[in-house]
Every structure is written in structure tokens, then in C-alpha cells.
$ cat upload_21.cif   # mmCIF, C-alpha atoms and all ligand atoms
data_start
#
loop_
_atom_site.group_PDB
_atom_site.id
_atom_site.type_symbol
_atom_site.label_atom_id
_atom_site.label_comp_id
_atom_site.auth_asym_id
_atom_site.auth_seq_id
_atom_site.Cartn_x
_atom_site.Cartn_y
_atom_site.Cartn_z
ATOM 1 C CA MET A 1 0.000 0.000 0.000
ATOM 2 C CA GLU A 2 1.278 3.417 -0.964
ATOM 3 C CA ASN A 3 0.849 6.427 1.321
ATOM 4 C CA ILE A 4 0.757 9.878 -0.199
ATOM 5 C CA VAL A 5 -0.523 13.212 1.078
ATOM 6 C CA ASP A 6 -4.008 14.189 -0.111
ATOM 7 C CA THR A 7 -3.395 17.279 -2.245
ATOM 8 C CA SER A 8 -6.747 17.320 -4.060
ATOM 9 C CA HIS A 9 -7.933 20.534 -2.330
ATOM 10 C CA LEU A 10 -4.804 22.504 -3.316
ATOM 11 C CA VAL A 11 -4.531 24.924 -6.244
ATOM 12 C CA HIS A 12 -1.087 23.371 -6.940
ATOM 13 C CA ASP A 13 -2.760 20.018 -7.637
ATOM 14 C CA LYS A 14 -5.359 21.515 -9.997
ATOM 15 C CA ALA A 15 -2.719 23.613 -11.744
ATOM 16 C CA PHE A 16 -0.389 20.626 -12.215
ATOM 17 C CA LYS A 17 -3.232 18.513 -13.613
ATOM 18 C CA CYS A 18 -4.004 21.275 -16.098
ATOM 19 C CA LEU A 19 -0.338 21.721 -17.106
ATOM 20 C CA ILE A 20 0.292 18.018 -17.810
ATOM 21 C CA LYS A 21 -2.838 17.492 -19.913
ATOM 22 C CA LYS A 22 -0.743 16.934 -23.034
ATOM 23 C CA LEU A 23 1.487 14.268 -21.411
ATOM 24 C CA LYS A 24 0.631 10.568 -21.391
ATOM 25 C CA ASP A 25 0.780 8.969 -17.948
ATOM 26 C CA GLU A 26 2.393 5.781 -19.265
ATOM 27 C CA GLU A 27 5.210 7.683 -21.022
ATOM 28 C CA ILE A 28 6.402 9.316 -17.814
ATOM 29 C CA LYS A 29 8.467 6.740 -15.917
ATOM 30 C CA LYS A 30 11.486 8.648 -14.587
ATOM 31 C CA VAL A 31 10.798 11.907 -12.784
ATOM 32 C CA LEU A 32 12.957 14.408 -10.941
ATOM 33 C CA ASP A 33 11.283 16.641 -8.367
ATOM 34 C CA ALA A 34 13.779 19.511 -8.340
ATOM 35 C CA GLY A 35 13.276 21.127 -4.946
ATOM 36 C CA SER A 36 11.031 18.562 -3.385
ATOM 37 C CA GLY A 37 8.499 18.590 -0.595
ATOM 38 C CA LYS A 38 5.620 16.381 0.441
ATOM 39 C CA THR A 39 3.163 18.316 -1.767
ATOM 40 C CA SER A 40 5.050 18.160 -5.073
ATOM 41 C CA ALA A 41 6.237 14.581 -4.466
ATOM 42 C CA SER A 42 2.674 13.440 -3.665
ATOM 43 C CA ILE A 43 1.285 15.195 -6.745
ATOM 44 C CA LEU A 44 3.861 13.449 -8.951
ATOM 45 C CA LEU A 45 3.182 10.011 -7.451
ATOM 46 C CA LYS A 46 -0.554 10.620 -7.808
ATOM 47 C CA TYR A 47 -0.563 11.660 -11.482
ATOM 48 C CA PHE A 48 2.187 9.374 -12.779
ATOM 49 C CA LYS A 49 1.261 5.960 -11.474
ATOM 50 C CA GLU A 50 4.155 4.155 -13.172
ATOM 51 C CA ALA A 51 6.850 6.704 -12.374
ATOM 52 C CA HIS A 52 9.812 6.550 -10.041
ATOM 53 C CA VAL A 53 10.437 9.954 -8.438
ATOM 54 C CA ASP A 54 13.848 11.244 -7.356
ATOM 55 C CA ALA A 55 12.988 13.900 -4.765
ATOM 56 C CA VAL A 56 15.877 16.383 -4.729
ATOM 57 C CA ILE A 57 16.336 18.648 -1.732
ATOM 58 C CA TYR A 58 19.194 20.937 -0.771
ATOM 59 C CA PRO A 59 21.726 18.936 1.316
ATOM 60 C CA GLY A 60 20.659 18.923 4.970
ATOM 61 C CA ASP A 61 17.283 20.621 4.358
ATOM 62 C CA ASN A 62 15.500 18.680 7.102
ATOM 63 C CA ARG A 63 12.465 20.992 6.823
ATOM 64 C CA LYS A 64 11.700 18.972 3.684
ATOM 65 C CA LYS A 65 13.505 15.676 4.310
ATOM 66 C CA ASN A 66 11.584 14.694 7.449
ATOM 67 C CA PRO A 67 8.074 15.321 6.047
ATOM 68 C CA LEU A 68 9.015 13.555 2.816
ATOM 69 C CA GLU A 69 10.197 10.487 4.728
ATOM 70 C CA ASN A 70 7.460 10.521 7.369
ATOM 71 C CA ALA A 71 4.347 11.562 5.423
ATOM 72 C CA ILE A 72 4.950 9.520 2.274
ATOM 73 C CA GLY A 73 5.364 5.789 2.134
ATOM 74 C CA SER A 74 6.208 4.683 -1.382
ATOM 75 C CA ASP A 75 8.754 2.402 -3.000
ATOM 76 C CA ARG A 76 8.608 4.741 -5.983
ATOM 77 C CA LEU A 77 10.136 7.682 -4.099
ATOM 78 C CA GLU A 78 13.767 8.317 -3.258
ATOM 79 C CA VAL A 79 15.040 11.403 -1.420
ATOM 80 C CA VAL A 80 18.281 12.730 -2.898
ATOM 81 C CA GLU A 81 20.345 15.511 -1.297
ATOM 82 C CA VAL A 82 22.075 17.537 -4.012
ATOM 83 C CA ASP A 83 22.857 21.207 -4.564
ATOM 84 C CA LEU A 84 21.441 21.691 -8.049
ATOM 85 C CA THR A 85 23.605 24.782 -8.626
ATOM 86 C CA LYS A 86 26.827 22.790 -8.119
ATOM 87 C CA SER A 87 26.554 19.240 -9.234
ATOM 88 C CA CYS A 88 25.541 18.080 -12.623
ATOM 89 C CA VAL A 89 22.778 15.483 -12.530
ATOM 90 C CA ARG A 90 23.834 12.675 -14.904
ATOM 91 C CA LYS A 91 20.658 10.603 -15.033
ATOM 92 C CA HIS A 92 18.114 11.155 -17.809
ATOM 93 C CA TYR A 93 14.494 11.878 -16.941
ATOM 94 C CA ASP A 94 11.167 11.963 -18.752
ATOM 95 C CA LEU A 95 9.994 14.889 -16.633
ATOM 96 C CA CYS A 96 11.511 17.406 -14.242
ATOM 97 C CA LEU A 97 9.253 19.457 -11.972
ATOM 98 C CA ALA A 98 10.326 22.616 -10.121
ATOM 99 C CA MET A 99 7.360 23.599 -7.952
ATOM 100 C CA LEU A 100 7.910 26.650 -5.723
ATOM 101 C CA THR A 101 11.652 26.011 -5.876
ATOM 102 C CA LEU A 102 13.153 28.931 -7.804
ATOM 103 C CA GLY A 103 12.132 31.551 -5.233
ATOM 104 C CA GLU A 104 14.203 29.689 -2.619
ATOM 105 C CA ALA A 105 17.589 29.969 -4.363
ATOM 106 C CA GLN A 106 18.831 32.736 -2.087
ATOM 107 C CA ASN A 107 17.834 30.899 1.108
ATOM 108 C CA PHE A 108 20.863 28.679 0.443
ATOM 109 C CA GLY A 109 23.154 31.468 -0.748
ATOM 110 C CA ASN A 110 22.619 30.928 -4.480
ATOM 111 C CA SER A 111 21.425 33.264 -7.196
ATOM 112 C CA PHE A 112 18.159 32.750 -9.011
ATOM 113 C CA GLU A 113 20.090 32.302 -12.284
ATOM 114 C CA SER A 114 22.439 29.602 -10.951
ATOM 115 C CA LEU A 115 19.536 27.518 -9.640
ATOM 116 C CA PHE A 116 17.443 28.053 -12.769
ATOM 117 C CA HIS A 117 20.374 27.099 -15.042
ATOM 118 C CA GLY A 118 21.162 24.058 -12.864
ATOM 119 C CA ILE A 119 17.561 22.871 -13.263
ATOM 120 C CA MET A 120 17.327 23.540 -17.008
ATOM 121 C CA ASP A 121 20.641 21.647 -17.532
ATOM 122 C CA ILE A 122 18.978 18.445 -16.295
ATOM 123 C CA LYS A 123 18.542 15.975 -19.135
ATOM 124 C CA ALA A 124 14.761 15.769 -19.160
ATOM 125 C CA HIS A 125 12.352 15.622 -22.087
ATOM 126 C CA TRP A 126 9.754 17.727 -20.301
ATOM 127 C CA PHE A 127 9.840 20.373 -17.616
ATOM 128 C CA VAL A 128 7.081 21.802 -15.477
ATOM 129 C CA LEU A 129 7.949 25.063 -13.755
ATOM 130 C CA TYR A 130 5.483 26.485 -11.250
ATOM 131 C CA ASP A 131 6.030 29.484 -9.036
ATOM 132 C CA ILE A 132 4.514 32.558 -7.413
ATOM 133 C CA LEU A 133 3.897 35.336 -9.934
ATOM 134 C CA GLU A 134 4.403 38.091 -7.349
ATOM 135 C CA ASP A 135 7.659 36.677 -5.916
ATOM 136 C CA PRO A 136 10.348 39.276 -6.746
ATOM 137 C CA CYS A 137 13.020 36.545 -6.525
ATOM 138 C CA VAL A 138 11.546 34.638 -9.492
ATOM 139 C CA HIS A 139 12.489 36.363 -12.735
ATOM 140 C CA PHE A 140 9.764 35.333 -15.159
ATOM 141 C CA ARG A 141 10.910 37.590 -17.999
ATOM 142 C CA TYR A 142 14.364 36.008 -17.742
ATOM 143 C CA ILE A 143 12.788 32.525 -17.812
ATOM 144 C CA ASP A 144 10.859 33.325 -21.006
ATOM 145 C CA GLN A 145 13.899 34.821 -22.733
ATOM 146 C CA TYR A 146 16.209 31.932 -21.711
ATOM 147 C CA LEU A 147 13.778 29.263 -22.918
ATOM 148 C CA LYS A 148 13.371 31.007 -26.258
ATOM 149 C CA GLU A 149 17.127 31.276 -26.808
ATOM 150 C CA LYS A 150 18.225 27.863 -25.524
ATOM 151 C CA GLY A 151 16.101 25.368 -27.455
ATOM 152 C CA PHE A 152 13.081 24.919 -25.205
ATOM 153 C CA LYS A 153 9.499 25.129 -26.407
ATOM 154 C CA ILE A 154 6.842 26.533 -24.103
ATOM 155 C CA VAL A 155 3.888 24.239 -24.800
ATOM 156 C CA THR A 156 1.625 25.723 -22.132
ATOM 157 C CA LYS A 157 1.971 28.792 -19.951
ATOM 158 C CA LYS A 158 -0.851 29.595 -17.615
ATOM 159 C CA LYS A 159 -1.695 31.834 -14.672
ATOM 160 C CA PHE A 160 -3.638 30.422 -11.721
ATOM 161 C CA ARG A 161 -5.403 32.497 -9.078
ATOM 162 C CA ASN A 162 -4.513 31.581 -5.514
ATOM 163 C CA PRO A 163 -7.739 31.297 -3.510
ATOM 164 C CA HIS A 164 -5.755 31.635 -0.263
ATOM 165 C CA PRO A 165 -3.020 34.281 -0.787
ATOM 166 C CA GLU A 166 -0.284 34.369 1.816
ATOM 167 C CA HIS A 167 1.608 37.455 2.910
ATOM 168 C CA TYR A 168 5.419 37.198 2.753
ATOM 169 C CA PRO A 169 6.686 40.106 4.871
ATOM 170 C CA LYS A 170 10.479 39.932 4.438
ATOM 171 C CA VAL A 171 11.939 38.352 1.350
ATOM 172 C CA ASN A 172 15.641 38.918 0.688
ATOM 173 C CA PHE A 173 16.028 40.517 -2.698
ATOM 174 C CA ASP A 174 19.609 41.712 -3.336
ATOM 175 C CA LYS A 175 20.263 44.051 -0.414
ATOM 176 C CA TYR A 176 16.567 44.788 0.159
ATOM 177 C CA LYS A 177 13.846 43.113 2.158
ATOM 178 C CA LEU A 178 10.652 43.072 0.148
ATOM 179 C CA GLU A 179 7.097 41.993 0.899
ATOM 180 C CA PHE A 180 4.528 40.450 -1.394
ATOM 181 C CA ASP A 181 1.264 38.518 -1.433
ATOM 182 C CA SER A 182 1.051 35.225 -3.325
ATOM 183 C CA LYS A 183 -2.081 36.107 -5.305
ATOM 184 C CA HIS A 184 -1.241 34.069 -8.412
ATOM 185 C CA PHE A 185 0.919 31.219 -9.608
ATOM 186 C CA VAL A 186 2.426 30.812 -13.060
ATOM 187 C CA GLY A 187 2.952 27.363 -14.530
ATOM 188 C CA TYR A 188 4.816 26.227 -17.646
ATOM 189 C CA LEU A 189 4.871 22.955 -19.538
ATOM 190 C CA ILE A 190 8.126 22.989 -21.499
ATOM 191 C CA LYS A 191 9.426 20.585 -24.141
ATOM 192 C CA ASN A 192 13.187 20.205 -24.306
ATOM 193 C CA LEU A 193 14.168 20.290 -27.984
ATOM 194 C CA ASN A 194 17.860 19.718 -27.167
ATOM 195 C CA ILE A 195 17.317 16.062 -26.296
ATOM 196 C CA ASN A 196 16.275 13.087 -28.475
HETATM 197 C C1 LIG B 1 9.550 25.698 -1.017
HETATM 198 S S1 LIG B 1 10.412 24.204 -1.134
HETATM 199 C C2 LIG B 1 9.559 23.396 -2.473
HETATM 200 C C3 LIG B 1 8.297 22.762 -2.072
HETATM 201 C C4 LIG B 1 7.948 21.507 -2.854
HETATM 202 N N1 LIG B 1 8.259 21.569 -4.270
HETATM 203 C C5 LIG B 1 6.494 21.208 -2.671
HETATM 204 O O1 LIG B 1 5.675 21.629 -3.510
HETATM 205 O O2 LIG B 1 6.143 20.504 -1.718
HETATM 206 C C6 LIG B 1 11.925 24.555 -1.934
HETATM 207 C C7 LIG B 1 12.758 23.315 -2.215
HETATM 208 O O3 LIG B 1 13.882 23.706 -2.995
HETATM 209 C C8 LIG B 1 15.036 23.057 -2.503
HETATM 210 N N2 LIG B 1 16.201 23.813 -2.946
HETATM 211 C C9 LIG B 1 16.453 25.146 -2.857
HETATM 212 N N3 LIG B 1 17.668 25.431 -3.382
HETATM 213 C C10 LIG B 1 18.178 24.262 -3.842
HETATM 214 C C11 LIG B 1 19.409 23.885 -4.472
HETATM 215 N N4 LIG B 1 20.363 24.764 -4.739
HETATM 216 N N5 LIG B 1 19.599 22.581 -4.788
HETATM 217 C C12 LIG B 1 18.649 21.643 -4.501
HETATM 218 N N6 LIG B 1 17.468 21.938 -3.915
HETATM 219 C C13 LIG B 1 17.242 23.233 -3.578
HETATM 220 C C14 LIG B 1 14.810 23.024 -0.999
HETATM 221 O O4 LIG B 1 15.646 22.070 -0.346
HETATM 222 C C15 LIG B 1 13.339 22.633 -0.969
HETATM 223 O O5 LIG B 1 13.211 21.245 -1.118
#
$ encode --input "upload_21.cif" --output "C-alpha cells" --more "lines below"
Ligand SMILES: C[S@@+](CC[C@H](N)C(=O)[O-])C[C@H]1O[C@@H](n2cnc3c(N)ncnc32)[C@H](O)[C@@H]1O
Amino acid sequence: MENIVDTSHLVHDKAFKCLIKKLKDEEIKKVLDAGSGKTSASILLKYFKEAHVDAVIYPGDNRKKNPLENAIGSDRLEVVEVDLTKSCVRKHYDLCLAMLTLGEAQNFGNSFESLFHGIMDIKAHWFVLYDILEDPCVHFRYIDQYLKEKGFKIVTKKKFRNPHPEHYPKVNFDKYKLEFDSKHFVGYLIKNLNIN
């Protein structure tokens, strides 16, 4: 018996379901959850019934490791501690998800660009990126430009309203502390044209 967290009430779940509409469940067998947590890992295990999920967290991030190990019981999940800005992931994947990950780059002393590049360097056929539209640490215009220039095709890009916005009072942005409300999320389904 597999234990996953019930995410059906969450906007993240509905958004993910909408973003992966064009993917076939049975074609997605190897998945990387880049910046994992019990929500994204459970969503992946729920929608891709045949997939094995490598759940990548920043080394020593016990905030995420403990809930992943305690709340989910699945042979299809493996927690992997890797700094995605430093080490190159060698394995090939059908899908890589980065859900609410990019805004956290600076929490571990990295730049947005180094984390984003580290993720987009992963050898995956498909990517789903999903983050908070209002987060000043997530540079959406940079994402769009990079994808256009580096051989990625945006298949779907969609904005989702957050029914329960949260207030973030002090986000580190360069030398400033900024506040924002998470009123919307933006999700992308991206096809990697650099890989056969
Ligand atoms: C807000 S949490 C993501 C939540 C998760 N995707 C979910 O929906 O449940 C951010 C994640 O990014 C990871 N992370 C941040 N910087 C990272 C890095 N440089 N390398 C690997 N993981 C990183 C953190 O360890 C954490 O797992």
C-alpha cells in the first residue's frame, strides 16, 4: 500500500493537472522533483502511477527531508540531497518538476540564475515550472527569454489564481527586504528540444 498526502484541495494540484494534460501517464516513468516537498512529491506520485520519483532537496534541508520520509510511504520515491547549482545530474528523466523552488535559491546562498540554469541543464524531455507570480526573486521575464534562446518550447503557460493568498513580509532581494502577497501562480509545460 502506498501512502501519499491528499493534495486534491490545493490549487497546486489543480494547476499541475491542467499543465500536464498533453502528457501521457504511461510515457512518464522517470521523474525528478527539483526542490522537493511532500506536496510536489505526492502530486507526482498521484498523477504518474508508473513513475519513479527522485525527490531532490538541498543537502541537509531537514524541513523537507523529514516530512518527505514521514508523510509519504512509497517504493517509488527516493530522497536525494544535491545542490542543483553545483553538481551536474547525470541521469536522464522523462519529466523534471520545479514547484515553488526557484524563489528559494537565495535561502541557500545561491542566485536565481544559478539555480534556474542548474535545473534547465537536467537531461529531461519535459519540464514543469510552477512558481509565485508576485515573488520578486523569481524572474519570469528572464525565464521566457532563456527558454526562447536555448532550445526549449513553451507548450503551455498559464496563470492560476490563488484562492488563499499568503503574505510574505520579508523576502531577501539583493540588499533589500521586500514583501509580497502570493495572489497568483504561473505554470509552464516545457518541451526540451535539445534532447532526443
Ligand atoms: C519551497 S520548497 C519546495 C516545495 C515543494 N516543491 C512542494 O511543492 O512541496 C523549496 C525546495 O527547494 C530546494 N532547494 C532550494 N535550493 C536548492 C538547491 N540549490 N539545490 C537543490 N534543492 C534546492 C529546498 O531544499 C526545498 O526542497
$ residues_near_ligand --input "upload_21.cif" --ligand "ligand LIG 1 (chain B)" --cutoff "9 Å" --atoms "all atoms listed in the file" --output "ChimeraX atom specification"
/A:12,33-43,55-65,68,81-87,97-111,114-115,118-119,130
$ resolve_selection --input "upload_21.cif" --expression "the PyMOL selection byres (((chain A and resi 166-183) around 8) and not hetatm)" --output "VMD selection string"
chain A and resid 106 132 to 137 161 to 165 184 to 185
$ closest_residue --input "upload_21.cif" --among "A:Ile154, A:Leu193, A:Val31, A:Val186" --to "A:Tyr47" --atoms "all atoms listed in the file"
A:Val31
$ closest_residue --input "upload_21.cif" --among "A:Ile20, A:Ile4, A:Val155, A:Val89" --to "A:Leu77" --atoms "only C-alpha atoms"
A:Ile4
$ atom_distance --input "upload_21.cif" --atom1 "atom CA of A:Lys22" --atom2 "atom CA of A:Cys96"
15.1 Å
$ build_atoms --input "upload_21.cif" --residues "stretch 94-122 of chain A" --atoms "N, CA and C atoms" --output "PDB file, keeping the file's coordinate frame"
ATOM      1  N   ASP A  94      12.258  11.622 -17.838  1.00  0.00           N
ATOM      2  CA  ASP A  94      11.167  11.963 -18.752  1.00  0.00           C
ATOM      3  C   ASP A  94      10.622  13.341 -18.392  1.00  0.00           C
ATOM      4  N   LEU A  95      10.576  13.619 -17.083  1.00  0.00           N
ATOM      5  CA  LEU A  95       9.994  14.889 -16.633  1.00  0.00           C
ATOM      6  C   LEU A  95      10.750  15.427 -15.428  1.00  0.00           C
ATOM      7  N   CYS A  96      10.948  16.739 -15.429  1.00  0.00           N
ATOM      8  CA  CYS A  96      11.511  17.406 -14.242  1.00  0.00           C
ATOM      9  C   CYS A  96      10.523  18.479 -13.804  1.00  0.00           C
ATOM     10  N   LEU A  97      10.165  18.447 -12.534  1.00  0.00           N
ATOM     11  CA  LEU A  97       9.253  19.457 -11.972  1.00  0.00           C
ATOM     12  C   LEU A  97      10.031  20.365 -11.023  1.00  0.00           C
ATOM     13  N   ALA A  98       9.820  21.684 -11.151  1.00  0.00           N
ATOM     14  CA  ALA A  98      10.326  22.616 -10.121  1.00  0.00           C
ATOM     15  C   ALA A  98       9.125  23.410  -9.627  1.00  0.00           C
ATOM     16  N   MET A  99       8.574  22.985  -8.496  1.00  0.00           N
ATOM     17  CA  MET A  99       7.360  23.599  -7.952  1.00  0.00           C
ATOM     18  C   MET A  99       7.735  24.423  -6.728  1.00  0.00           C
ATOM     19  N   LEU A 100       7.626  25.717  -6.831  1.00  0.00           N
ATOM     20  CA  LEU A 100       7.910  26.650  -5.723  1.00  0.00           C
ATOM     21  C   LEU A 100       9.363  26.517  -5.252  1.00  0.00           C
ATOM     22  N   THR A 101      10.246  26.224  -6.188  1.00  0.00           N
ATOM     23  CA  THR A 101      11.652  26.011  -5.876  1.00  0.00           C
ATOM     24  C   THR A 101      12.499  27.243  -6.172  1.00  0.00           C
ATOM     25  N   LEU A 102      12.243  27.874  -7.324  1.00  0.00           N
ATOM     26  CA  LEU A 102      13.153  28.931  -7.804  1.00  0.00           C
ATOM     27  C   LEU A 102      13.231  30.118  -6.847  1.00  0.00           C
ATOM     28  N   GLY A 103      12.148  30.418  -6.179  1.00  0.00           N
ATOM     29  CA  GLY A 103      12.132  31.551  -5.233  1.00  0.00           C
ATOM     30  C   GLY A 103      12.992  31.291  -4.012  1.00  0.00           C
ATOM     31  N   GLU A 104      13.419  30.029  -3.817  1.00  0.00           N
ATOM     32  CA  GLU A 104      14.203  29.689  -2.619  1.00  0.00           C
ATOM     33  C   GLU A 104      15.708  29.705  -2.845  1.00  0.00           C
ATOM     34  N   ALA A 105      16.150  30.046  -4.057  1.00  0.00           N
ATOM     35  CA  ALA A 105      17.589  29.969  -4.363  1.00  0.00           C
ATOM     36  C   ALA A 105      18.423  30.698  -3.317  1.00  0.00           C
ATOM     37  N   GLN A 106      18.011  31.912  -2.984  1.00  0.00           N
ATOM     38  CA  GLN A 106      18.831  32.736  -2.087  1.00  0.00           C
ATOM     39  C   GLN A 106      18.849  32.245  -0.646  1.00  0.00           C
ATOM     40  N   ASN A 107      17.852  31.440  -0.265  1.00  0.00           N
ATOM     41  CA  ASN A 107      17.834  30.899   1.108  1.00  0.00           C
ATOM     42  C   ASN A 107      19.072  30.052   1.375  1.00  0.00           C
ATOM     43  N   PHE A 108      19.667  29.508   0.284  1.00  0.00           N
ATOM     44  CA  PHE A 108      20.863  28.679   0.443  1.00  0.00           C
ATOM     45  C   PHE A 108      22.090  29.358  -0.165  1.00  0.00           C
ATOM     46  N   GLY A 109      21.998  30.676  -0.303  1.00  0.00           N
ATOM     47  CA  GLY A 109      23.154  31.468  -0.748  1.00  0.00           C
ATOM     48  C   GLY A 109      23.409  31.432  -2.248  1.00  0.00           C
ATOM     49  N   ASN A 110      22.422  30.995  -3.029  1.00  0.00           N
ATOM     50  CA  ASN A 110      22.619  30.928  -4.480  1.00  0.00           C
ATOM     51  C   ASN A 110      21.801  32.009  -5.193  1.00  0.00           C
ATOM     52  N   SER A 111      22.206  32.302  -6.424  1.00  0.00           N
ATOM     53  CA  SER A 111      21.425  33.264  -7.196  1.00  0.00           C
ATOM     54  C   SER A 111      20.281  32.537  -7.887  1.00  0.00           C
ATOM     55  N   PHE A 112      19.272  33.313  -8.238  1.00  0.00           N
ATOM     56  CA  PHE A 112      18.159  32.750  -9.011  1.00  0.00           C
ATOM     57  C   PHE A 112      18.695  32.080 -10.282  1.00  0.00           C
ATOM     58  N   GLU A 113      19.603  32.797 -10.987  1.00  0.00           N
ATOM     59  CA  GLU A 113      20.090  32.302 -12.284  1.00  0.00           C
ATOM     60  C   GLU A 113      20.818  30.966 -12.118  1.00  0.00           C
ATOM     61  N   SER A 114      21.671  30.843 -11.071  1.00  0.00           N
ATOM     62  CA  SER A 114      22.439  29.602 -10.951  1.00  0.00           C
ATOM     63  C   SER A 114      21.517  28.410 -10.672  1.00  0.00           C
ATOM     64  N   LEU A 115      20.459  28.629  -9.900  1.00  0.00           N
ATOM     65  CA  LEU A 115      19.536  27.518  -9.640  1.00  0.00           C
ATOM     66  C   LEU A 115      18.716  27.203 -10.899  1.00  0.00           C
ATOM     67  N   PHE A 116      18.238  28.258 -11.548  1.00  0.00           N
ATOM     68  CA  PHE A 116      17.443  28.053 -12.769  1.00  0.00           C
ATOM     69  C   PHE A 116      18.273  27.322 -13.838  1.00  0.00           C
ATOM     70  N   HIS A 117      19.514  27.762 -14.049  1.00  0.00           N
ATOM     71  CA  HIS A 117      20.374  27.099 -15.042  1.00  0.00           C
ATOM     72  C   HIS A 117      20.636  25.649 -14.635  1.00  0.00           C
ATOM     73  N   GLY A 118      20.908  25.421 -13.358  1.00  0.00           N
ATOM     74  CA  GLY A 118      21.162  24.058 -12.864  1.00  0.00           C
ATOM     75  C   GLY A 118      19.977  23.150 -13.165  1.00  0.00           C
ATOM     76  N   ILE A 119      18.767  23.675 -13.000  1.00  0.00           N
ATOM     77  CA  ILE A 119      17.561  22.871 -13.263  1.00  0.00           C
ATOM     78  C   ILE A 119      17.402  22.636 -14.767  1.00  0.00           C
ATOM     79  N   MET A 120      17.554  23.689 -15.563  1.00  0.00           N
ATOM     80  CA  MET A 120      17.327  23.540 -17.008  1.00  0.00           C
ATOM     81  C   MET A 120      18.434  22.720 -17.686  1.00  0.00           C
ATOM     82  N   ASP A 121      19.572  22.505 -16.994  1.00  0.00           N
ATOM     83  CA  ASP A 121      20.641  21.647 -17.532  1.00  0.00           C
ATOM     84  C   ASP A 121      20.342  20.157 -17.337  1.00  0.00           C
ATOM     85  N   ILE A 122      19.333  19.856 -16.530  1.00  0.00           N
ATOM     86  CA  ILE A 122      18.978  18.445 -16.295  1.00  0.00           C
ATOM     87  C   ILE A 122      18.474  17.843 -17.602  1.00  0.00           C
TER      88      ILE A 122
END
